[in-house]
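Novice: Provided below: structure_6.cif, containing mmCIF, all heavy atoms.
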```cif
data_structure
#
loop_
_atom_site.label_atom_id
_atom_site.label_comp_id
_atom_site.auth_asym_id
_atom_site.auth_seq_id
_atom_site.Cartn_x
_atom_site.Cartn_y
_atom_site.Cartn_z
N MET Q 228 103.37 -47.71 116.14
CA MET Q 228 103.26 -46.76 117.24
C MET Q 228 104.64 -46.41 117.79
O MET Q 228 104.90 -45.26 118.09
CB MET Q 228 102.37 -47.38 118.34
CG MET Q 228 102.19 -46.50 119.53
SD MET Q 228 101.30 -45.02 119.08
CE MET Q 228 101.23 -44.20 120.61
N ALA Q 229 105.50 -47.43 117.92
CA ALA Q 229 106.83 -47.17 118.48
C ALA Q 229 107.64 -46.28 117.54
O ALA Q 229 108.44 -45.46 118.01
CB ALA Q 229 107.56 -48.47 118.73
N LEU Q 230 107.42 -46.43 116.24
CA LEU Q 230 108.15 -45.60 115.28
C LEU Q 230 107.81 -44.13 115.45
O LEU Q 230 108.69 -43.26 115.38
CB LEU Q 230 107.84 -46.05 113.85
CG LEU Q 230 108.51 -45.26 112.74
CD1 LEU Q 230 110.03 -45.40 112.84
CD2 LEU Q 230 108.02 -45.71 111.39
N ILE Q 231 106.56 -43.83 115.72
CA ILE Q 231 106.14 -42.44 115.93
C ILE Q 231 106.80 -41.87 117.17
O ILE Q 231 107.24 -40.72 117.19
CB ILE Q 231 104.60 -42.36 116.03
CG1 ILE Q 231 103.98 -42.74 114.69
CG2 ILE Q 231 104.15 -40.97 116.44
CD1 ILE Q 231 102.48 -42.89 114.72
N ILE Q 232 106.91 -42.68 118.22
CA ILE Q 232 107.55 -42.22 119.46
C ILE Q 232 109.02 -41.93 119.22
O ILE Q 232 109.54 -40.91 119.67
CB ILE Q 232 107.35 -43.27 120.58
CG1 ILE Q 232 105.87 -43.36 120.93
CG2 ILE Q 232 108.19 -42.92 121.80
CD1 ILE Q 232 105.53 -44.50 121.86
N TYR Q 233 109.70 -42.82 118.48
CA TYR Q 233 111.12 -42.60 118.17
C TYR Q 233 111.31 -41.35 117.34
O TYR Q 233 112.21 -40.55 117.60
CB TYR Q 233 111.72 -43.80 117.45
CG TYR Q 233 111.95 -44.99 118.32
CD1 TYR Q 233 111.49 -46.24 117.94
CD2 TYR Q 233 112.62 -44.88 119.52
CE1 TYR Q 233 111.69 -47.34 118.74
CE2 TYR Q 233 112.83 -45.98 120.33
CZ TYR Q 233 112.36 -47.20 119.94
OH TYR Q 233 112.57 -48.29 120.73
N LEU Q 234 110.49 -41.18 116.33
CA LEU Q 234 110.62 -40.01 115.47
C LEU Q 234 110.36 -38.72 116.25
O LEU Q 234 111.05 -37.71 116.05
CB LEU Q 234 109.67 -40.12 114.28
CG LEU Q 234 110.02 -41.20 113.26
CD1 LEU Q 234 108.96 -41.25 112.17
CD2 LEU Q 234 111.40 -40.97 112.67
N THR Q 235 109.40 -38.75 117.14
CA THR Q 235 109.12 -37.58 117.98
C THR Q 235 110.29 -37.29 118.90
O THR Q 235 110.69 -36.13 119.06
CB THR Q 235 107.84 -37.81 118.80
OG1 THR Q 235 106.77 -38.11 117.91
CG2 THR Q 235 107.50 -36.59 119.63
N TYR Q 236 110.84 -38.34 119.50
CA TYR Q 236 111.99 -38.17 120.40
C TYR Q 236 113.17 -37.53 119.66
O TYR Q 236 113.78 -36.59 120.14
CB TYR Q 236 112.40 -39.51 121.00
CG TYR Q 236 113.61 -39.42 121.88
CD1 TYR Q 236 113.50 -38.99 123.19
CD2 TYR Q 236 114.88 -39.75 121.39
CE1 TYR Q 236 114.62 -38.89 124.00
CE2 TYR Q 236 115.99 -39.65 122.20
CZ TYR Q 236 115.85 -39.23 123.50
OH TYR Q 236 116.96 -39.12 124.28
N TYR Q 237 113.48 -38.06 118.48
CA TYR Q 237 114.61 -37.54 117.73
C TYR Q 237 114.35 -36.13 117.20
O TYR Q 237 115.26 -35.32 117.14
CB TYR Q 237 115.00 -38.49 116.60
CG TYR Q 237 115.72 -39.71 117.12
CD1 TYR Q 237 115.20 -40.97 116.92
CD2 TYR Q 237 116.90 -39.58 117.83
CE1 TYR Q 237 115.84 -42.09 117.42
CE2 TYR Q 237 117.55 -40.70 118.33
CZ TYR Q 237 117.02 -41.94 118.12
OH TYR Q 237 117.66 -43.04 118.61
N ALA Q 238 113.12 -35.82 116.86
CA ALA Q 238 112.79 -34.45 116.44
C ALA Q 238 112.99 -33.47 117.59
O ALA Q 238 113.54 -32.38 117.40
CB ALA Q 238 111.35 -34.40 115.93
N VAL Q 239 112.58 -33.86 118.79
CA VAL Q 239 112.79 -33.01 119.97
C VAL Q 239 114.28 -32.86 120.27
O VAL Q 239 114.75 -31.76 120.57
CB VAL Q 239 112.03 -33.58 121.19
CG1 VAL Q 239 112.44 -32.88 122.48
CG2 VAL Q 239 110.54 -33.47 120.97
N ALA Q 240 115.03 -33.95 120.15
CA ALA Q 240 116.46 -33.90 120.42
C ALA Q 240 117.19 -33.00 119.43
O ALA Q 240 118.05 -32.20 119.82
CB ALA Q 240 117.05 -35.31 120.39
N ILE Q 241 116.85 -33.10 118.16
CA ILE Q 241 117.50 -32.26 117.15
C ILE Q 241 117.13 -30.79 117.36
O ILE Q 241 117.98 -29.90 117.26
CB ILE Q 241 117.12 -32.74 115.74
CG1 ILE Q 241 117.79 -34.09 115.47
CG2 ILE Q 241 117.52 -31.72 114.68
CD1 ILE Q 241 117.29 -34.80 114.24
N SER Q 242 115.89 -30.54 117.70
CA SER Q 242 115.47 -29.16 117.98
C SER Q 242 116.20 -28.60 119.20
O SER Q 242 116.63 -27.44 119.20
CB SER Q 242 113.96 -29.11 118.24
OG SER Q 242 113.26 -29.57 117.13
N ALA Q 243 116.35 -29.42 120.23
CA ALA Q 243 117.05 -28.97 121.43
C ALA Q 243 118.52 -28.70 121.14
O ALA Q 243 119.09 -27.73 121.66
CB ALA Q 243 116.92 -30.01 122.54
N LEU Q 244 119.15 -29.53 120.31
CA LEU Q 244 120.54 -29.27 119.93
C LEU Q 244 120.68 -27.96 119.17
O LEU Q 244 121.60 -27.18 119.42
CB LEU Q 244 121.08 -30.42 119.07
CG LEU Q 244 121.54 -31.65 119.83
CD1 LEU Q 244 121.88 -32.76 118.84
CD2 LEU Q 244 122.73 -31.32 120.70
N PHE Q 245 119.77 -27.71 118.26
CA PHE Q 245 119.81 -26.46 117.51
C PHE Q 245 119.65 -25.26 118.46
O PHE Q 245 120.39 -24.29 118.38
CB PHE Q 245 118.71 -26.44 116.45
CG PHE Q 245 118.63 -25.14 115.72
CD1 PHE Q 245 119.56 -24.82 114.75
CD2 PHE Q 245 117.63 -24.22 116.03
CE1 PHE Q 245 119.50 -23.60 114.08
CE2 PHE Q 245 117.56 -23.02 115.37
CZ PHE Q 245 118.50 -22.70 114.39
N LEU Q 246 118.68 -25.35 119.37
CA LEU Q 246 118.46 -24.24 120.31
C LEU Q 246 119.64 -24.07 121.26
O LEU Q 246 119.95 -22.96 121.68
CB LEU Q 246 117.17 -24.47 121.08
CG LEU Q 246 115.89 -24.37 120.26
CD1 LEU Q 246 114.70 -24.79 121.10
CD2 LEU Q 246 115.70 -22.97 119.71
N HIS Q 247 120.28 -25.18 121.61
CA HIS Q 247 121.44 -25.12 122.50
C HIS Q 247 122.60 -24.38 121.82
O HIS Q 247 123.20 -23.48 122.39
CB HIS Q 247 121.87 -26.53 122.89
CG HIS Q 247 123.20 -26.59 123.59
ND1 HIS Q 247 123.37 -26.13 124.87
CD2 HIS Q 247 124.40 -27.03 123.17
CE1 HIS Q 247 124.63 -26.30 125.21
NE2 HIS Q 247 125.29 -26.85 124.19
N PHE Q 248 122.93 -24.78 120.59
CA PHE Q 248 124.07 -24.19 119.91
C PHE Q 248 123.80 -22.77 119.41
O PHE Q 248 124.74 -22.01 119.19
CB PHE Q 248 124.54 -25.08 118.75
CG PHE Q 248 125.26 -26.30 119.23
CD1 PHE Q 248 124.75 -27.56 118.98
CD2 PHE Q 248 126.44 -26.19 119.94
CE1 PHE Q 248 125.41 -28.69 119.43
CE2 PHE Q 248 127.11 -27.32 120.40
CZ PHE Q 248 126.59 -28.56 120.14
N SER Q 249 122.56 -22.41 119.26
CA SER Q 249 122.25 -21.03 118.87
C SER Q 249 122.14 -20.11 120.09
O SER Q 249 122.03 -18.90 119.94
CB SER Q 249 120.96 -20.98 118.06
OG SER Q 249 119.86 -21.40 118.84
N GLY Q 250 122.15 -20.69 121.30
CA GLY Q 250 122.16 -19.88 122.52
C GLY Q 250 120.79 -19.59 123.11
O GLY Q 250 120.69 -18.93 124.14
N HIS Q 251 119.73 -20.09 122.49
CA HIS Q 251 118.39 -19.79 122.99
C HIS Q 251 118.10 -20.46 124.33
O HIS Q 251 117.46 -19.86 125.20
CB HIS Q 251 117.33 -20.20 121.97
CG HIS Q 251 117.33 -19.35 120.74
ND1 HIS Q 251 117.04 -18.01 120.75
CD2 HIS Q 251 117.61 -19.65 119.44
CE1 HIS Q 251 117.12 -17.52 119.54
NE2 HIS Q 251 117.47 -18.51 118.72
N LEU Q 252 118.54 -21.69 124.50
CA LEU Q 252 118.26 -22.40 125.76
C LEU Q 252 118.89 -21.68 126.95
O LEU Q 252 118.28 -21.58 128.02
CB LEU Q 252 118.75 -23.85 125.69
CG LEU Q 252 117.95 -24.80 124.80
CD1 LEU Q 252 118.54 -26.19 124.87
CD2 LEU Q 252 116.49 -24.82 125.17
N GLU Q 253 120.10 -21.17 126.77
CA GLU Q 253 120.75 -20.46 127.87
C GLU Q 253 120.02 -19.16 128.18
O GLU Q 253 119.85 -18.81 129.35
CB GLU Q 253 122.20 -20.17 127.51
CG GLU Q 253 122.99 -19.57 128.66
CD GLU Q 253 124.45 -19.38 128.32
OE1 GLU Q 253 124.87 -19.79 127.22
OE2 GLU Q 253 125.16 -18.82 129.17
N ARG Q 254 119.59 -18.47 127.15
CA ARG Q 254 118.86 -17.22 127.34
C ARG Q 254 117.54 -17.45 128.07
O ARG Q 254 117.12 -16.63 128.89
CB ARG Q 254 118.56 -16.57 125.98
CG ARG Q 254 119.22 -15.24 125.82
CD ARG Q 254 118.95 -14.65 124.46
NE ARG Q 254 119.91 -15.24 123.52
CZ ARG Q 254 119.62 -15.59 122.29
NH1 ARG Q 254 118.43 -15.42 121.80
NH2 ARG Q 254 120.54 -16.13 121.51
N TRP Q 255 116.89 -18.56 127.76
CA TRP Q 255 115.60 -18.88 128.37
C TRP Q 255 115.75 -19.62 129.69
O TRP Q 255 114.75 -19.93 130.35
CB TRP Q 255 114.76 -19.72 127.43
CG TRP Q 255 114.43 -19.05 126.14
CD1 TRP Q 255 114.33 -17.71 125.91
CD2 TRP Q 255 114.15 -19.68 124.89
NE1 TRP Q 255 114.02 -17.47 124.60
CE2 TRP Q 255 113.89 -18.66 123.94
CE3 TRP Q 255 114.09 -21.00 124.47
CZ2 TRP Q 255 113.58 -18.93 122.62
CZ3 TRP Q 255 113.77 -21.26 123.16
CH2 TRP Q 255 113.52 -20.23 122.25
N GLY Q 256 116.99 -19.94 130.10
CA GLY Q 256 117.21 -20.66 131.35
C GLY Q 256 116.75 -22.11 131.28
O GLY Q 256 116.28 -22.66 132.27
N MET Q 257 116.88 -22.73 130.11
CA MET Q 257 116.39 -24.10 129.94
C MET Q 257 117.51 -25.06 129.53
O MET Q 257 117.27 -26.03 128.81
CB MET Q 257 115.29 -24.13 128.89
CG MET Q 257 114.04 -23.39 129.30
SD MET Q 257 112.74 -23.50 128.08
CE MET Q 257 112.39 -25.23 128.11
N GLU Q 258 118.72 -24.84 130.02
CA GLU Q 258 119.83 -25.74 129.71
C GLU Q 258 119.61 -27.13 130.28
O GLU Q 258 120.21 -28.09 129.82
CB GLU Q 258 121.14 -25.17 130.24
CG GLU Q 258 121.72 -24.08 129.37
CD GLU Q 258 122.21 -24.60 128.03
OE1 GLU Q 258 122.85 -25.67 128.00
OE2 GLU Q 258 121.93 -23.95 127.02
N TRP Q 259 118.71 -27.25 131.25
CA TRP Q 259 118.43 -28.55 131.85
C TRP Q 259 117.83 -29.51 130.83
O TRP Q 259 117.90 -30.74 131.00
CB TRP Q 259 117.50 -28.40 133.04
CG TRP Q 259 116.21 -27.71 132.71
CD1 TRP Q 259 115.96 -26.37 132.78
CD2 TRP Q 259 115.01 -28.31 132.23
NE1 TRP Q 259 114.67 -26.11 132.38
CE2 TRP Q 259 114.07 -27.28 132.04
CE3 TRP Q 259 114.64 -29.62 131.94
CZ2 TRP Q 259 112.77 -27.52 131.57
CZ3 TRP Q 259 113.34 -29.86 131.48
CH2 TRP Q 259 112.43 -28.81 131.30
N VAL Q 260 117.24 -28.99 129.75
CA VAL Q 260 116.67 -29.85 128.71
C VAL Q 260 117.76 -30.72 128.10
O VAL Q 260 117.54 -31.91 127.81
CB VAL Q 260 115.96 -29.00 127.63
CG1 VAL Q 260 115.55 -29.85 126.44
CG2 VAL Q 260 114.78 -28.27 128.22
N MET Q 261 118.95 -30.16 127.92
CA MET Q 261 120.06 -30.94 127.35
C MET Q 261 120.48 -32.06 128.30
O MET Q 261 120.81 -33.15 127.86
CB MET Q 261 121.25 -30.02 127.05
CG MET Q 261 120.99 -29.02 125.96
SD MET Q 261 120.42 -29.74 124.42
CE MET Q 261 121.82 -30.70 123.93
N LEU Q 262 120.46 -31.81 129.59
CA LEU Q 262 120.80 -32.85 130.56
C LEU Q 262 119.76 -33.97 130.55
O LEU Q 262 120.11 -35.16 130.62
CB LEU Q 262 120.91 -32.25 131.96
CG LEU Q 262 122.05 -31.25 132.16
CD1 LEU Q 262 121.96 -30.62 133.54
CD2 LEU Q 262 123.38 -31.93 131.97
N VAL Q 263 118.50 -33.61 130.45
CA VAL Q 263 117.43 -34.62 130.40
C VAL Q 263 117.59 -35.48 129.15
O VAL Q 263 117.48 -36.71 129.21
CB VAL Q 263 116.05 -33.94 130.44
CG1 VAL Q 263 114.94 -34.94 130.13
CG2 VAL Q 263 115.82 -33.28 131.78
N LEU Q 264 117.86 -34.85 128.01
CA LEU Q 264 118.04 -35.63 126.78
C LEU Q 264 119.28 -36.51 126.86
O LEU Q 264 119.27 -37.63 126.36
CB LEU Q 264 118.13 -34.68 125.58
CG LEU Q 264 116.82 -34.05 125.15
CD1 LEU Q 264 117.07 -33.01 124.07
CD2 LEU Q 264 115.85 -35.09 124.67
N ALA Q 265 120.34 -36.02 127.49
CA ALA Q 265 121.55 -36.83 127.62
C ALA Q 265 121.30 -38.07 128.47
O ALA Q 265 121.82 -39.15 128.17
CB ALA Q 265 122.67 -35.98 128.22
N VAL Q 266 120.50 -37.94 129.50
CA VAL Q 266 120.21 -39.08 130.38
C VAL Q 266 119.27 -40.06 129.68
O VAL Q 266 119.42 -41.27 129.83
CB VAL Q 266 119.59 -38.59 131.71
CG1 VAL Q 266 119.00 -39.73 132.51
CG2 VAL Q 266 120.64 -37.85 132.52
N THR Q 267 118.35 -39.55 128.89
CA THR Q 267 117.37 -40.45 128.26
C THR Q 267 117.85 -41.07 126.96
O THR Q 267 117.23 -42.03 126.50
CB THR Q 267 116.05 -39.69 127.97
OG1 THR Q 267 116.32 -38.61 127.07
CG2 THR Q 267 115.42 -39.19 129.24
N VAL Q 268 118.93 -40.60 126.39
CA VAL Q 268 119.35 -41.15 125.11
C VAL Q 268 119.90 -42.58 125.25
O VAL Q 268 119.69 -43.39 124.36
CB VAL Q 268 120.39 -40.23 124.42
CG1 VAL Q 268 121.75 -40.34 125.06
CG2 VAL Q 268 120.50 -40.56 122.94
N PHE Q 269 120.50 -42.92 126.35
CA PHE Q 269 121.07 -44.26 126.51
C PHE Q 269 119.99 -45.34 126.57
O PHE Q 269 120.12 -46.35 125.86
CB PHE Q 269 121.99 -44.30 127.72
CG PHE Q 269 123.21 -43.45 127.55
CD1 PHE Q 269 123.37 -42.28 128.28
CD2 PHE Q 269 124.17 -43.78 126.63
CE1 PHE Q 269 124.48 -41.49 128.10
CE2 PHE Q 269 125.29 -43.00 126.44
CZ PHE Q 269 125.45 -41.84 127.18
N PRO Q 270 118.93 -45.20 127.35
CA PRO Q 270 117.89 -46.25 127.32
C PRO Q 270 117.20 -46.36 125.96
O PRO Q 270 116.85 -47.45 125.53
CB PRO Q 270 116.87 -45.80 128.38
CG PRO Q 270 117.64 -44.89 129.27
CD PRO Q 270 118.69 -44.25 128.43
N VAL Q 271 117.06 -45.24 125.26
CA VAL Q 271 116.43 -45.29 123.94
C VAL Q 271 117.30 -46.07 122.96
O VAL Q 271 116.82 -46.92 122.21
CB VAL Q 271 116.16 -43.86 123.42
CG1 VAL Q 271 115.76 -43.88 121.96
CG2 VAL Q 271 115.09 -43.18 124.24
N VAL Q 272 118.60 -45.84 122.99
CA VAL Q 272 119.50 -46.55 122.08
C VAL Q 272 119.59 -48.02 122.45
O VAL Q 272 119.61 -48.89 121.57
CB VAL Q 272 120.89 -45.88 122.07
CG1 VAL Q 272 121.90 -46.71 121.33
CG2 VAL Q 272 120.80 -44.48 121.49
N ILE Q 273 119.64 -48.34 123.72
CA ILE Q 273 119.72 -49.73 124.17
C ILE Q 273 118.44 -50.47 123.79
O ILE Q 273 118.48 -51.64 123.41
CB ILE Q 273 120.00 -49.81 125.69
CG1 ILE Q 273 121.42 -49.34 125.96
CG2 ILE Q 273 119.79 -51.21 126.21
CD1 ILE Q 273 121.75 -49.18 127.42
N TYR Q 274 117.31 -49.81 123.86
CA TYR Q 274 116.03 -50.45 123.54
C TYR Q 274 115.94 -50.81 122.06
O TYR Q 274 115.25 -51.76 121.70
CB TYR Q 274 114.87 -49.54 123.93
CG TYR Q 274 113.51 -50.17 123.73
CD1 TYR Q 274 113.08 -51.19 124.57
CD2 TYR Q 274 112.68 -49.77 122.68
CE1 TYR Q 274 111.84 -51.79 124.38
CE2 TYR Q 274 111.45 -50.36 122.49
CZ TYR Q 274 111.03 -51.36 123.34
OH TYR Q 274 109.81 -51.95 123.15
N LEU Q 275 116.63 -50.05 121.22
CA LEU Q 275 116.59 -50.36 119.79
C LEU Q 275 117.21 -51.71 119.57
O LEU Q 275 116.97 -52.44 118.73
CB LEU Q 275 117.36 -49.30 118.99
CG LEU Q 275 116.70 -47.95 118.91
CD1 LEU Q 275 117.63 -46.97 118.19
CD2 LEU Q 275 115.39 -48.04 118.14
#
```
Could you express the structure from this file as structure tokens?

Specialist:
Amino acid sequence: MALIIYLTYYAVAISALFLHFSGHLERWGMEWVMLVLAVTVFPVVIYL
């Protein structure tokens, strides 16, 4: 179960990075997604 959660988290993070660098997040006004992922990446890595 935990593996599925990790894979989902990383899939969302990679998608968000792609959308960020292609400019879609800024156009849609969703740059806050990158901030949320930046804050949540540290507990996920520490938990591993």

Novice: So which one's closest to Val268 in chain Q, Q:Trp255, Q:Ala240, Q:Leu234, Q:Ala229? Using only C-alpha atoms, please.

Specialist: Q:Ala240

Novice: Pick from Q:Met228, Q:Ala265, Q:Val272, Q:Val260: nearest to Leu246 in chain Q, with only C-alpha atoms counted?

Specialist: Q:Val260

Novice: Separation of CE2 of Tyr236 in chain Q and CD1 of Leu264 in chain Q, in Å?

Specialist: 7.0 Å

Novice: What is the atom N of Val239 in chain Q-CB of Leu252 in chain Q distance in Å, reported with one decimal?

Specialist: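 Going from atom N of Val239 in chain Q over to CB of Leu252 in chain Q, I get 13.6 Å.
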
Novice: Ranking Q:Ile273, Q:Ile232, Q:Leu244, Q:Ala238 by minimum distance to Met261 in chain Q and counting all atoms listed in the file, which one comes first?

Specialist: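 Answer, going by the shortest atom-to-atom distance: Q:Leu244.
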
Novice: How big is the axis-aligned box around the listed atoms of range 249-266 of chain Q once 5 Å is added on each side, and where is its centre? Give both in Å to one decimal, as lines of an AutoDock Vina configuration file.

Specialist:
```
center_x = 118.8
center_y = -28.0
center_z = 125.8
size_x = 22.8
size_y = 36.6
size_z = 25.5
```

Novice: Kindly give the distance, in Å, that separates CA of Trp259 in chain Q and CA of His247 in chain Q, rounded to a single decimal.

Specialist: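 According to the coordinates, CA of Trp259 in chain Q and CA of His247 in chain Q are separated by 10.4 Å.
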